[in-house]
Each structure stands twice: as C-alpha cells, then as structure tokens.
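> Dropping in start.tsv, with TSV, C-alpha atoms.
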```tsv
chain	number	residue	atom	x	y	z
A	1	MET	CA	37.54	-50.31	10.28
A	2	ALA	CA	39.77	-47.32	9.59
A	3	SER	CA	37.27	-45.09	11.35
A	4	ASP	CA	37.30	-47.41	14.37
A	5	ARG	CA	41.09	-47.34	14.46
A	6	VAL	CA	41.04	-43.56	14.44
A	7	LYS	CA	38.42	-43.41	17.18
A	8	GLY	CA	40.39	-45.86	19.28
A	9	ASN	CA	43.40	-43.58	19.17
A	10	LEU	CA	41.62	-40.26	19.10
A	11	ASP	CA	42.64	-39.30	22.63
A	12	LEU	CA	46.30	-39.83	21.81
A	13	MET	CA	46.06	-37.77	18.62
A	14	VAL	CA	44.19	-34.95	20.37
A	15	LEU	CA	46.92	-34.81	23.01
A	16	ALA	CA	49.54	-34.75	20.27
A	17	VAL	CA	47.84	-31.85	18.47
A	18	LEU	CA	47.49	-29.84	21.67
A	19	ASN	CA	51.11	-30.55	22.54
A	20	ASP	CA	51.98	-28.01	19.85
A	21	GLY	CA	49.96	-25.33	21.61
A	22	PRO	CA	46.50	-24.48	22.95
A	23	GLY	CA	43.56	-24.70	20.61
A	24	HIS	CA	39.78	-24.97	20.39
A	25	GLY	CA	37.80	-27.89	19.04
A	26	TYR	CA	37.59	-26.70	15.45
A	27	SER	CA	41.35	-26.07	15.26
A	28	VAL	CA	42.01	-29.52	16.74
A	29	ILE	CA	39.87	-31.34	14.17
A	30	THR	CA	41.35	-29.22	11.36
A	31	ALA	CA	44.88	-30.05	12.54
A	32	LEU	CA	44.01	-33.74	12.69
A	33	ARG	CA	42.73	-33.63	9.13
A	34	ASP	CA	45.67	-31.61	7.83
A	35	ARG	CA	48.37	-33.60	9.62
A	36	SER	CA	46.89	-36.86	8.38
A	37	GLY	CA	46.77	-35.58	4.81
A	38	GLY	CA	43.01	-35.89	4.81
A	39	THR	CA	43.12	-39.57	5.76
A	40	PHE	CA	41.33	-39.14	9.07
A	41	GLU	CA	37.78	-38.16	8.19
A	42	LEU	CA	35.91	-38.39	11.46
A	43	PRO	CA	32.58	-36.81	12.23
A	44	GLU	CA	33.92	-33.53	13.55
A	45	GLY	CA	31.66	-33.59	16.57
A	46	THR	CA	33.47	-36.60	17.98
A	47	VAL	CA	36.35	-34.40	19.06
A	48	TYR	CA	34.30	-32.64	21.73
A	49	PRO	CA	33.46	-35.66	23.90
A	50	ALA	CA	37.14	-36.60	23.58
A	51	LEU	CA	38.25	-33.15	24.73
A	52	HIS	CA	35.81	-33.22	27.64
A	53	ARG	CA	36.88	-36.72	28.61
A	54	LEU	CA	40.55	-35.74	28.61
A	55	GLU	CA	39.76	-32.68	30.69
A	56	ASP	CA	37.86	-34.82	33.19
A	57	ALA	CA	40.97	-37.01	33.44
A	58	GLY	CA	43.11	-33.97	34.24
A	59	LEU	CA	45.12	-34.22	31.03
A	60	LEU	CA	43.73	-30.94	29.65
A	61	THR	CA	42.52	-27.66	31.03
A	62	SER	CA	40.20	-25.27	29.26
A	63	GLU	CA	38.89	-21.75	29.45
A	64	TRP	CA	36.57	-19.54	27.45
A	65	ASP	CA	38.11	-17.19	24.89
A	66	ASP	CA	35.96	-14.27	23.72
A	67	GLU	CA	38.67	-12.21	22.06
A	68	SER	CA	37.93	-13.33	18.49
A	69	GLY	CA	34.32	-12.13	18.72
A	70	ARG	CA	32.99	-15.68	18.99
A	71	ARG	CA	33.01	-17.55	22.25
A	72	ARG	CA	35.33	-20.54	22.03
A	73	ARG	CA	36.60	-23.02	24.56
A	74	VAL	CA	40.38	-23.19	24.35
A	75	TYR	CA	42.10	-26.34	25.55
A	76	ARG	CA	45.62	-26.62	26.87
A	77	LEU	CA	47.75	-29.63	27.74
A	78	THR	CA	48.55	-30.08	31.43
A	79	ALA	CA	51.76	-31.51	32.86
A	80	ALA	CA	49.93	-34.77	33.47
A	81	GLY	CA	48.72	-34.66	29.87
A	82	ALA	CA	52.26	-34.19	28.62
A	83	ARG	CA	53.46	-37.16	30.64
A	84	ALA	CA	50.55	-39.28	29.41
A	85	LEU	CA	51.30	-38.27	25.83
A	86	ALA	CA	54.96	-39.24	26.14
A	87	LEU	CA	54.04	-42.60	27.62
A	88	GLU	CA	51.41	-43.35	25.00
A	89	GLN	CA	53.70	-42.23	22.18
A	90	SER	CA	56.40	-44.68	23.26
A	91	ARG	CA	53.82	-47.46	23.54
A	92	TRP	CA	52.44	-46.58	20.11
A	93	VAL	CA	55.90	-46.65	18.51
A	94	GLU	CA	56.56	-50.00	20.12
A	95	PHE	CA	53.20	-51.35	18.98
A	96	THR	CA	53.47	-50.13	15.38
A	97	SER	CA	57.02	-51.43	15.17
A	98	ALA	CA	55.81	-54.85	16.22
A	99	VAL	CA	52.91	-54.71	13.77
A	100	ASN	CA	55.26	-53.68	10.98
A	101	GLN	CA	57.52	-56.61	11.79
A	102	VAL	CA	54.55	-58.94	11.49
A	103	LEU	CA	53.26	-57.38	8.28
A	104	ARG	CA	56.65	-57.29	6.56
A	105	PRO	CA	56.84	-59.99	3.88
A	106	VAL	CA	59.14	-62.82	4.84
A	107	THR	CA	61.85	-63.45	2.20
A	108	VAL	CA	62.75	-67.11	1.95
A	109	ARG	CA	66.21	-67.80	0.73
A	110	MET	CA	66.60	-70.97	-1.22
A	111	ALA	CA	69.76	-72.81	-0.51
B	1	VAL	CA	21.59	-20.23	20.71
B	2	THR	CA	22.19	-17.09	18.73
B	3	ALA	CA	20.30	-15.68	15.81
B	4	SER	CA	20.27	-17.49	12.54
B	5	SER	CA	22.82	-16.85	9.82
B	6	GLY	CA	22.45	-14.02	7.33
B	7	SER	CA	21.00	-15.91	4.40
B	8	SER	CA	18.19	-17.47	6.40
B	9	ASP	CA	14.88	-15.75	6.65
B	10	ALA	CA	13.94	-14.68	10.16
B	11	LEU	CA	11.07	-17.15	10.12
B	12	ASP	CA	13.12	-20.01	8.67
B	13	VAL	CA	15.41	-22.14	10.72
B	14	SER	CA	18.86	-22.49	9.26
B	15	PRO	CA	20.58	-25.91	9.24
B	16	VAL	CA	22.91	-24.78	12.02
B	17	GLU	CA	20.03	-23.50	14.14
B	18	ALA	CA	18.07	-26.68	13.55
B	19	PHE	CA	21.08	-28.75	14.54
B	20	LEU	CA	21.60	-26.73	17.73
B	21	ASP	CA	17.92	-27.20	18.55
B	22	ALA	CA	18.32	-30.95	18.07
B	23	VAL	CA	21.35	-31.00	20.39
B	24	LEU	CA	19.45	-29.05	23.01
B	25	ILE	CA	16.43	-31.35	22.85
B	26	ALA	CA	18.56	-34.49	22.96
B	27	SER	CA	20.45	-33.13	25.99
B	28	ALA	CA	17.36	-32.88	28.18
B	29	ALA	CA	18.76	-35.30	30.75
B	30	ALA	CA	22.25	-33.79	30.83
B	31	PRO	CA	23.44	-31.26	33.43
B	32	ALA	CA	22.43	-27.74	32.38
B	33	ARG	CA	25.93	-26.30	32.53
B	34	GLU	CA	27.34	-29.10	30.43
B	35	THR	CA	24.57	-28.59	27.88
B	36	ARG	CA	25.24	-24.86	27.62
B	37	ARG	CA	28.93	-25.52	27.15
B	38	LEU	CA	28.33	-28.16	24.50
B	39	LEU	CA	25.94	-25.87	22.63
B	40	ALA	CA	28.39	-22.97	22.70
B	41	GLU	CA	31.24	-25.12	21.44
B	42	THR	CA	29.08	-26.74	18.78
B	43	GLU	CA	27.81	-23.40	17.52
B	44	ALA	CA	31.32	-21.90	17.36
B	45	HIS	CA	32.51	-24.98	15.48
B	46	LEU	CA	29.65	-24.88	12.97
B	47	ARG	CA	30.06	-21.12	12.39
B	48	ASP	CA	33.80	-21.59	11.73
B	49	ALA	CA	33.15	-24.53	9.41
B	50	THR	CA	30.43	-22.54	7.59
B	51	ASN	CA	32.70	-19.55	7.07
B	52	GLU	CA	35.43	-21.81	5.77
B	53	ALA	CA	33.03	-23.44	3.31
B	54	VAL	CA	31.76	-20.03	2.15
B	55	GLU	CA	35.35	-19.05	1.46
B	56	ARG	CA	35.60	-22.17	-0.69
B	57	GLY	CA	32.72	-20.87	-2.79
B	58	LEU	CA	29.59	-22.43	-1.34
B	59	THR	CA	26.49	-20.40	-0.61
B	60	ARG	CA	25.84	-19.84	3.07
B	61	GLU	CA	23.02	-22.34	3.19
B	62	GLU	CA	25.09	-24.95	1.37
B	63	ALA	CA	27.97	-24.17	3.68
B	64	GLU	CA	25.79	-24.66	6.75
B	65	ARG	CA	24.46	-27.96	5.43
B	66	ASP	CA	28.02	-29.09	4.73
B	67	ALA	CA	29.19	-28.05	8.21
B	68	VAL	CA	26.30	-29.87	9.88
B	69	HIS	CA	26.87	-32.96	7.72
B	70	ARG	CA	30.57	-33.12	8.63
B	71	PHE	CA	29.85	-32.59	12.31
B	72	GLY	CA	27.85	-35.81	12.68
B	73	THR	CA	24.44	-36.38	14.23
B	74	ALA	CA	23.15	-34.66	17.32
B	75	ALA	CA	22.18	-38.04	18.78
B	76	ASP	CA	25.72	-39.39	18.45
B	77	LEU	CA	27.18	-36.28	20.02
B	78	VAL	CA	24.81	-36.32	22.99
B	79	ARG	CA	25.21	-40.08	23.42
B	80	ALA	CA	28.99	-39.72	23.60
B	81	GLU	CA	28.61	-36.97	26.17
B	82	ALA	CA	26.16	-39.06	28.19
B	83	ARG	CA	28.68	-41.91	28.36
B	84	ARG	CA	31.09	-39.44	29.90
B	85	HIS	CA	28.53	-38.59	32.58
B	86	ALA	CA	27.53	-42.17	33.27
B	87	PRO	CA	28.08	-42.70	37.00
B	88	SER	CA	30.40	-45.40	38.22
B	89	LEU	CA	29.21	-48.09	40.61
B	90	ARG	CA	30.90	-46.27	43.46
B	91	THR	CA	29.17	-43.04	42.54
B	92	SER	CA	25.87	-44.88	42.40
B	93	ILE	CA	26.29	-46.51	45.79
B	94	ARG	CA	27.38	-43.41	47.69
B	95	PRO	CA	24.04	-41.57	47.57
B	96	CYS	CA	22.31	-44.76	48.70
B	97	VAL	CA	24.66	-45.13	51.66
B	98	GLY	CA	24.17	-41.48	52.52
B	99	SER	CA	20.39	-41.79	52.38
B	100	VAL	CA	20.39	-44.90	54.57
B	101	LEU	CA	22.60	-43.19	57.16
B	102	LEU	CA	20.44	-40.07	57.12
B	103	PHE	CA	17.14	-41.92	57.54
B	104	ALA	CA	18.59	-44.28	60.14
B	105	GLY	CA	19.94	-41.28	62.03
B	106	LEU	CA	16.64	-39.44	61.94
B	107	ALA	CA	14.78	-42.58	63.02
B	108	GLY	CA	17.22	-43.09	65.92
B	109	ILE	CA	16.86	-39.50	67.05
B	110	ALA	CA	13.08	-39.82	66.85
B	111	MET	CA	13.35	-42.87	69.09
B	112	GLY	CA	15.45	-40.81	71.51
B	113	VAL	CA	12.79	-38.12	71.63
B	114	SER	CA	10.24	-40.82	72.22
B	115	ALA	CA	12.40	-42.16	75.10
B	116	VAL	CA	12.39	-38.74	76.75
B	117	ILE	CA	8.64	-38.40	76.34
B	118	THR	CA	8.13	-41.93	77.65
B	119	ALA	CA	10.30	-41.23	80.68
B	120	ILE	CA	8.33	-38.07	81.43
B	121	MET	CA	5.05	-39.93	81.04
B	122	GLY	CA	6.33	-42.65	83.34
B	123	ALA	CA	7.40	-40.12	85.95
B	124	ILE	CA	3.99	-38.50	85.86
B	125	GLY	CA	1.69	-41.46	85.45
B	126	GLY	CA	3.73	-44.37	86.72
B	127	SER	CA	4.80	-47.55	84.95
B	128	THR	CA	1.26	-48.52	84.00
B	129	PHE	CA	1.12	-45.39	81.92
B	130	ILE	CA	3.84	-46.87	79.71
B	131	VAL	CA	3.33	-50.63	79.93
B	132	ASN	CA	-0.11	-52.16	80.03
B	133	ILE	CA	-1.08	-55.69	81.01
B	134	SER	CA	-3.87	-57.55	79.33
B	135	SER	CA	-5.33	-60.98	79.87
B	136	ARG	CA	-3.69	-62.75	76.92
B	137	THR	CA	-0.04	-63.05	77.86
B	138	HIS	CA	1.17	-65.11	80.79
B	139	LEU	CA	4.28	-64.65	82.83
B	140	ALA	CA	6.50	-67.66	83.40
B	141	PRO	CA	7.88	-68.33	86.87
B	142	SER	CA	11.46	-68.18	85.58
B	143	ASP	CA	10.80	-64.63	84.35
B	144	CYS	CA	9.17	-63.72	87.60
B	145	THR	CA	12.14	-65.01	89.53
B	146	ARG	CA	14.54	-63.01	87.39
B	147	TRP	CA	12.49	-59.81	87.62
B	148	LEU	CA	12.04	-60.10	91.37
B	149	THR	CA	15.74	-60.79	91.80
B	150	GLN	CA	16.64	-57.73	89.77
B	151	ASP	CA	14.14	-55.58	91.65
B	152	PRO	CA	14.04	-56.64	95.33
B	153	SER	CA	11.78	-53.74	96.24
B	154	ALA	CA	8.99	-55.09	94.03
B	155	ARG	CA	6.29	-56.82	95.99
B	156	THR	CA	4.78	-58.81	93.14
B	157	CYS	CA	5.86	-60.30	89.85
B	158	TYR	CA	3.45	-57.95	88.13
B	159	GLN	CA	5.10	-54.93	89.70
B	160	ALA	CA	8.59	-56.20	88.90
B	161	ALA	CA	7.60	-56.91	85.31
B	162	LEU	CA	6.13	-53.46	84.93
B	163	ARG	CA	9.28	-51.80	86.22
B	164	ASP	CA	11.56	-54.00	84.13
B	165	TRP	CA	9.65	-53.39	80.93
B	166	THR	CA	9.33	-49.71	81.62
B	167	PHE	CA	13.09	-49.51	82.12
B	168	GLU	CA	13.68	-51.43	78.91
B	169	THR	CA	11.23	-49.29	76.96
B	170	VAL	CA	13.13	-46.15	77.89
B	171	THR	CA	16.70	-47.45	77.76
B	172	TYR	CA	16.37	-49.30	74.47
B	173	ARG	CA	15.01	-46.20	72.82
B	174	GLY	CA	17.80	-44.16	74.37
B	175	ALA	CA	20.35	-46.62	72.98
B	176	LEU	CA	18.77	-46.32	69.53
B	177	SER	CA	19.04	-42.56	69.76
B	178	ILE	CA	22.80	-42.87	70.36
B	179	LEU	CA	23.09	-45.02	67.26
B	180	GLY	CA	21.03	-42.43	65.40
B	181	VAL	CA	23.39	-39.63	66.42
B	182	LEU	CA	26.35	-41.73	65.28
B	183	ALA	CA	24.64	-42.34	61.93
B	184	ILE	CA	24.02	-38.61	61.48
B	185	VAL	CA	27.66	-37.82	62.31
B	186	ALA	CA	28.81	-40.44	59.79
B	187	PHE	CA	26.44	-38.97	57.20
B	188	ILE	CA	27.81	-35.44	57.69
B	189	ILE	CA	31.43	-36.60	57.48
B	190	LEU	CA	30.86	-38.68	54.37
B	191	ARG	CA	28.84	-35.98	52.66
B	192	ARG	CA	31.64	-33.46	53.18
B	193	ARG	CA	34.23	-35.85	51.83
B	194	TRP	CA	32.16	-36.82	48.81
B	195	SER	CA	31.03	-33.30	47.95
B	196	ARG	CA	34.65	-32.16	47.80
B	197	ARG	CA	35.10	-34.59	44.95
B	198	ASN	CA	32.16	-33.08	43.07
B	199	LEU	CA	30.35	-36.36	42.83
B	200	ALA	CA	26.91	-36.08	41.36
B	201	THR	CA	24.01	-38.21	42.46
B	202	ALA	CA	23.42	-41.25	40.33
B	203	LEU	CA	19.69	-40.76	39.93
B	204	PRO	CA	17.87	-37.85	38.38
B	205	ARG	CA	16.21	-35.67	40.98
B	206	SER	CA	12.74	-36.46	39.66
B	207	MET	CA	13.40	-40.18	40.13
B	208	THR	CA	14.66	-39.62	43.67
B	209	ASP	CA	11.50	-37.72	44.50
B	210	ALA	CA	9.34	-40.42	42.93
B	211	VAL	CA	11.07	-43.18	44.92
B	212	ALA	CA	10.80	-41.22	48.17
B	213	PHE	CA	7.12	-40.45	47.56
B	214	THR	CA	6.37	-44.09	46.79
B	215	VAL	CA	8.24	-45.46	49.82
B	216	PHE	CA	6.75	-42.99	52.28
B	217	GLY	CA	3.31	-43.38	50.76
B	218	ALA	CA	3.52	-47.16	51.11
B	219	ALA	CA	4.75	-46.79	54.70
B	220	GLY	CA	1.86	-44.46	55.47
B	221	ILE	CA	-0.68	-46.86	54.02
B	222	TRP	CA	0.88	-49.74	55.95
B	223	LEU	CA	0.74	-47.82	59.24
B	224	VAL	CA	-2.87	-46.80	58.65
B	225	GLY	CA	-3.65	-50.46	57.97
B	226	LEU	CA	-2.00	-51.46	61.22
B	227	GLY	CA	-4.03	-48.90	63.09
B	228	ILE	CA	-7.29	-50.06	61.54
B	229	ASP	CA	-6.36	-53.66	62.29
B	230	ALA	CA	-5.58	-52.86	65.90
B	231	ILE	CA	-8.87	-51.06	66.34
B	232	ALA	CA	-10.82	-53.86	64.67
B	233	VAL	CA	-9.10	-56.65	66.60
B	234	ASN	CA	-9.21	-55.02	70.00
B	235	SER	CA	-12.60	-53.43	69.68
B	236	GLY	CA	-14.79	-54.43	72.59
B	237	ARG	CA	-12.04	-56.18	74.57
B	238	ALA	CA	-10.78	-55.11	77.93
B	239	PRO	CA	-8.33	-56.53	80.43
B	240	ASP	CA	-9.93	-59.17	82.54
B	241	PRO	CA	-9.16	-58.32	86.16
B	242	ARG	CA	-9.51	-61.96	87.17
B	243	SER	CA	-6.53	-62.97	85.06
B	244	VAL	CA	-4.26	-60.12	86.08
B	245	PRO	CA	-1.18	-61.12	88.10
B	246	HIS	CA	-1.29	-60.77	91.80
B	247	ARG	CA	0.82	-60.70	94.87
B	248	ARG	CA	2.79	-63.82	95.68
B	249	SER	CA	3.82	-65.18	99.01
B	250	SER	CA	6.91	-66.69	97.46
B	251	ARG	CA	8.94	-65.63	94.43
B	252	SER	CA	9.27	-69.19	93.31
B	253	GLN	CA	5.53	-69.43	92.72
B	254	ARG	CA	4.19	-69.12	89.20
B	255	CYS	CA	3.09	-65.72	88.12
B	256	SER	CA	0.44	-65.10	85.63
B	257	GLY	CA	-0.65	-62.06	83.70
B	258	SER	CA	-0.48	-60.55	80.32
B	259	VAL	CA	1.77	-57.63	79.58
B	260	SER	CA	1.85	-55.52	76.49
B	261	SER	CA	4.19	-52.64	76.03
B	262	THR	CA	3.09	-49.49	74.29
B	263	THR	CA	5.72	-50.38	71.70
B	264	SER	CA	4.06	-53.64	70.74
B	265	ALA	CA	2.19	-54.01	67.45
B	266	ARG	CA	-1.15	-54.29	69.19
B	267	PRO	CA	-2.18	-51.31	71.23
B	268	PRO	CA	-3.70	-51.73	74.68
B	269	SER	CA	-7.37	-52.38	75.03
B	270	ARG	CA	-9.56	-49.48	74.17
B	271	THR	CA	-12.65	-50.72	76.06
B	272	LEU	CA	-11.53	-49.47	79.44
B	273	PRO	CA	-9.74	-46.20	79.93
B	274	ARG	CA	-6.16	-46.69	81.03
B	275	ALA	CA	-6.89	-45.36	84.52
B	276	ASP	CA	-9.71	-47.89	84.90
B	277	ALA	CA	-7.43	-50.68	83.71
B	278	SER	CA	-4.83	-49.69	86.27
B	279	ARG	CA	-7.42	-49.69	89.00
B	280	ALA	CA	-8.46	-53.13	87.83
B	281	HIS	CA	-4.88	-54.32	88.14
B	282	ARG	CA	-4.54	-52.97	91.63
B	283	SER	CA	-7.83	-54.54	92.57
B	284	ALA	CA	-6.64	-57.86	91.24
B	285	GLU	CA	-3.47	-57.57	93.28
B	286	ARG	CA	-5.42	-56.92	96.43
B	287	HIS	CA	-7.63	-59.97	95.88
B	288	GLN	CA	-4.73	-62.31	95.07
B	289	VAL	CA	-6.48	-64.28	92.37
B	290	SER	CA	-5.13	-67.80	92.04
B	291	VAL	CA	-3.38	-68.84	88.87
B	292	SER	CA	-3.31	-72.09	87.03
B	293	PRO	CA	0.12	-73.74	87.25
B	294	THR	CA	-0.13	-74.89	83.63
B	295	MET	CA	-0.05	-71.38	82.23
B	296	SER	CA	2.93	-70.62	80.11
B	297	HIS	CA	4.36	-67.30	79.12
B	298	ARG	CA	4.02	-65.93	75.63
B	299	ARG	CA	6.35	-63.07	75.97
B	300	ARG	CA	9.62	-62.84	77.76
B	301	GLY	CA	10.72	-59.71	79.48
```
Would you mind writing the file out in structure tokens?

Amino acid sequence: MASDRVKGNLDLMVLAVLNDGPGHGYSVITALRDRSGGTFELPEGTVYPALHRLEDAGLLTSEWDDESGRRRRVYRLTAAGARALALEQSRWVEFTSAVNQVLRPVTVRMA
Amino acid sequence: VTASSGSSDALDVSPVEAFLDAVLIASAAAPARETRRLLAETEAHLRDATNEAVERGLTREEAERDAVHRFGTAADLVRAEARRHAPSLRTSIRPCVGSVLLFAGLAGIAMGVSAVITAIMGAIGGSTFIVNISSRTHLAPSDCTRWLTQDPSARTCYQAALRDWTFETVTYRGALSILGVLAIVAFIILRRRWSRRNLATALPRSMTDAVAFTVFGAAGIWLVGLGIDAIAVNSGRAPDPRSVPHRRSSRSQRCSGSVSSTTSARPPSRTLPRADASRAHRSAERHQVSVSPTMSHRRRG
C-alpha cells in the first residue's frame, strides 16, 4: 500500500526533486531516497518511465551529458513543469491537511 | 551495450550485461530510438549504483547483483515504457482516416483516367464501343420517351439509350475523379497537420503490410472469380438480333432491347465480336422488328 502511494505521487516528487536543479535518473532516485529518510524504497527503474512521461507532457526537458565520461540523460524542469509543481504542491498540502483532520483523534469533553 | 565490468570474464555475462540484454529483448516492439535511450540510461544507472555499492564494500559482482535487484525487473520497466507509447483512440483513428482518403482518392483518379479512355474509345468507335445491348434487358416506353426527349436528334429509342448511357458512363466517372482529387487533397492536408505533431501510426508496420496484403489478395481473388463467372455464364451466348430495339414511328410506342454497359458486372457477349454485334444491331434497326407490348424493362437508364 505504501509502495502504491509512492507510485501514485511519483510524478509530483520527481518534479519536486528536479525543482532544486537538473539531474539524471540515478541522482533523482537517490534524492528521493535520501529526502524521504529511506522510507521510499521503489524499484529504481520506475523513475525512468516517470521521467519520460513528464517530458512527453512538456514538464521536463532533457539532453545527453557526456562530460563525466559516462553518457547520462540530464533532466531539467520547464516553466510549465514549475507551474504544475506549484499547483500540485498546493493541492497536496490541502489534501494532507484534510486527511490529518480526519485522522486526528477526536477528544470528547465530558460535561 | 558496452563491455562487461572488470570482474567478469570476457566469456561470462555480468548481471548488468544480462539485465541490459533482457531489456533489449523485451523492447522488441518499441521504437528503436526509445530503446537505445532506455538502454543508455539503464546502463548508466546500473554502473553508478554498482560503483556506489563497491564503495560500500561489496565485490563488483555482488554490487552488480545488488544494483540489478534494486532496479526492478526488465519486464516491468519495458511494460511501463510501453504504456507511455500506447496510442490514444485519436491516434489510432487518424491513420485509418488517412488510408481511406488515400485509397478513395486513388480509386477516384483511376475512374477519371478510365473516363478519358472511355471518351476516346467512344470518339473512335462510337457509342456501341462503350455500351453494348444484349437480348436480356428490355427498355420501358417511359425510358424511351425520356431518352428521346433529351436527345431529339436520335431516331430510335435504341440510339437515344446508347447516347444517354454513353454520356453517363463518361460523366459519372469524371465526377468520381473530382471526388478522388478532393480526397487526395484532404489526405495531403491532414497528413501535413498530423505529421507536425509527431504522431506515430497505431499499428506496427508489419501488421499494416499484412492487412494490406490480405485485403488486396482477397480483392484480387474476388475479381478473378468474377471474371471466371462472367466467362462461364456468357460462354456461347450472343445478342439475338431479332430482339434488338428498332426504329419507331412514334416515341410513345414501346421500345424493346437489352442494354448492358461496359461497367456492368456481366461483360458483353463473347460469342460475336463487338463489330459483328453492332452490325447485328444496325440490321435489326433496318428491319424494324416488332416488339411485344408486355415486355418490361429490367434496367433503367
């Protein structure tokens, strides 16, 4: 279930990671793992279809980088991607706030 | 795919190499460029993950196994990529629309070429070179009246029918050719618009070829069957001069005769050469053979 929740929000988290700067697939999955404190343990390969999907949607651009001696595809957030990230972040905050309200234990005061 | 990692024997396949092979094999149906890109990214990822694991103290082979294990299966990776390439309904329909327009256009233009050839044949050989009359179809008086009204210079219903049907044979084909040109123009416009959006065809090329081969093969067999049927049915039959229409003293009289266009499913009789059949028609006209008033027409002009 946790894995499904992560997969369902993978696009948003990938956009958030790349909002800090361009990166290739391995750096994105490493950042996801590090920023989640090791909580998000996805099959690392799942990040690539997500990156390609976001690029198809115009939210990312990419180019080959050969400078490190190994050919890597470096992804960068577009303006449309930044706008989509901001929108989804506000929706996520609103959603989690509502969920937290529901999950919070109700204290019943006895008269 | 690059050479295997340092710890692997040249003849052995390292876990990373084996995984890349599996991705390549599973991506057989994917676009080549996408496959190359996915392989390059996957290999770079696995090499980075391997190096990181070696730095943590694993042997290279253990590190490669760990990197491959954490990456997931090749089938899952390729399946996720395939979902990204799955064509939408609109993308699926567009190639079909384009193909229909193209084939309709080509068919219309072919009809136009046939109209030109028919017109030339008619100019050289006369109407009977295009439209033949056999003994099976009868002309109704109402049709005769209409044809003779439309063509006052015609002396007989037979002559008027020949001219009318010749005209229709040429003009209808000409009209179809105009529609064909319009279909081709629409095809070119739509193809330019759609190609700018980099829309791929919905079907693999091999499937498109298989469908085209099957359809055209079936059409060829059907046409050959029609030809054999026509030869078998009409073998030994010839127009009967006694039943051919003839000159009338009044346009209100019934006309009789059988007319078959060269465009009809059944070809003209093969027993008599066309020139002989025409002579038979003219002979029948000269003799003014009487016609039964109960005859009804089978084909309207």
> Would you mind listing, for every residue of chain A within 9 Å of chain B, the two atoms forming the shortest contact and the distance between them in Å to one decimal, using all atoms listed in the file, sorted by chain and ascending residue number, as JSON lines?

```
{"residue": "A:His24", "atom": "CA", "partner": "B:Glu41", "partner_atom": "CA", "distance": 8.6}
{"residue": "A:Gly25", "atom": "CA", "partner": "B:His45", "partner_atom": "CA", "distance": 7.0}
{"residue": "A:Tyr26", "atom": "CA", "partner": "B:His45", "partner_atom": "CA", "distance": 5.4}
{"residue": "A:Ser27", "atom": "CA", "partner": "B:His45", "partner_atom": "CA", "distance": 8.9}
{"residue": "A:Glu41", "atom": "CA", "partner": "B:Arg70", "partner_atom": "CA", "distance": 8.8}
{"residue": "A:Leu42", "atom": "CA", "partner": "B:Arg70", "partner_atom": "CA", "distance": 8.0}
{"residue": "A:Pro43", "atom": "CA", "partner": "B:Gly72", "partner_atom": "CA", "distance": 4.9}
{"residue": "A:Glu44", "atom": "CA", "partner": "B:Phe71", "partner_atom": "CA", "distance": 4.4}
{"residue": "A:Gly45", "atom": "CA", "partner": "B:Phe71", "partner_atom": "CA", "distance": 4.7}
{"residue": "A:Thr46", "atom": "CA", "partner": "B:Leu77", "partner_atom": "CA", "distance": 6.6}
{"residue": "A:Tyr48", "atom": "CA", "partner": "B:Leu38", "partner_atom": "CA", "distance": 8.0}
{"residue": "A:Pro49", "atom": "CA", "partner": "B:Glu81", "partner_atom": "CA", "distance": 5.5}
{"residue": "A:Ala50", "atom": "CA", "partner": "B:Ala80", "partner_atom": "CA", "distance": 8.7}
{"residue": "A:His52", "atom": "CA", "partner": "B:Arg84", "partner_atom": "CA", "distance": 8.1}
{"residue": "A:Arg53", "atom": "CA", "partner": "B:Arg84", "partner_atom": "CA", "distance": 6.5}
{"residue": "A:Asp56", "atom": "CA", "partner": "B:Arg84", "partner_atom": "CA", "distance": 8.8}
{"residue": "A:Arg70", "atom": "CA", "partner": "B:Ala44", "partner_atom": "CA", "distance": 6.6}
{"residue": "A:Arg71", "atom": "CA", "partner": "B:Ala44", "partner_atom": "CA", "distance": 6.8}
{"residue": "A:Arg72", "atom": "CA", "partner": "B:Glu41", "partner_atom": "CA", "distance": 6.2}
{"residue": "A:Arg73", "atom": "CA", "partner": "B:Glu41", "partner_atom": "CA", "distance": 6.5}
```
> Show which residues sit within 7 Å of Cys144 in chain B, as a ChimeraX atom specification. Count all atoms listed in the file, and ignore same-chain residues fewer than 4 positions away.
/B:139-140,148,157,255
> What lies within 12 Å of Leu59 in chain A using only C-alpha atoms, ignoring chain neighbours under 6 positions off, as a ChimeraX atom specification?
/A:11-12,14-16,18-19,50-53,75-85
> Work out how far apart CA of Glu64 in chain B and CA of Thr30 in chain A are and give it in Å to one decimal.
16.9 Å
> Which value, in Å to one decimal, gives the distance between CA of Leu176 in chain B and CA of Thr128 in chain B?
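CA of Leu176 in chain B sits 22.8 Å away from CA of Thr128 in chain B.
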> Between CA of Ser88 in chain B and CA of Ala183 in chain B, what is the distance, to one decimal in Å?
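Going from CA of Ser88 in chain B over to CA of Ala183 in chain B covers 24.6 Å.
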> Smallest atom-to-atom distance to Tyr172 in chain B: which of B:Asn234, B:Thr118, B:Thr208, B:Ser27, using all atoms listed in the file?
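Closest to Tyr172 in chain B, using all atoms listed in the file: B:Thr118.
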> I want to know what sits within 9 Å of Ile109 in chain B, based on only C-alpha atoms, with residues of the same chain fewer than 2 positions away left out; could you give that as an mmCIF file with C-alpha atoms, in the frame of the given file?

```cif
data_model
loop_
_atom_site.group_PDB
_atom_site.id
_atom_site.type_symbol
_atom_site.label_atom_id
_atom_site.label_comp_id
_atom_site.auth_asym_id
_atom_site.auth_seq_id
_atom_site.Cartn_x
_atom_site.Cartn_y
_atom_site.Cartn_z
ATOM 1 C CA ALA B 104 18.590 -44.280 60.140
ATOM 2 C CA GLY B 105 19.940 -41.280 62.030
ATOM 3 C CA LEU B 106 16.640 -39.440 61.940
ATOM 4 C CA ALA B 107 14.780 -42.580 63.020
ATOM 5 C CA MET B 111 13.350 -42.870 69.090
ATOM 6 C CA GLY B 112 15.450 -40.810 71.510
ATOM 7 C CA VAL B 113 12.790 -38.120 71.630
ATOM 8 C CA SER B 114 10.240 -40.820 72.220
ATOM 9 C CA GLY B 174 17.800 -44.160 74.370
ATOM 10 C CA LEU B 176 18.770 -46.320 69.530
ATOM 11 C CA SER B 177 19.040 -42.560 69.760
ATOM 12 C CA ILE B 178 22.800 -42.870 70.360
ATOM 13 C CA LEU B 179 23.090 -45.020 67.260
ATOM 14 C CA GLY B 180 21.030 -42.430 65.400
ATOM 15 C CA VAL B 181 23.390 -39.630 66.420
#
```
> Quick one: everything within 9 Å of Arg94 in chain B, counting all atoms listed in the file, minus sequence neighbours fewer than 2 positions away in the same chain. Send it as a ChimeraX atom specification.
/B:89-92,96-99,190,194,201-202
> Check the smallest atom-to-atom distance from each of B:Ala161, B:Thr35, B:Arg191, B:Ile117 to Pro95 in chain B using all atoms listed in the file, then report the winner.
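So, comparing all the options, the nearest one is B:Arg191.
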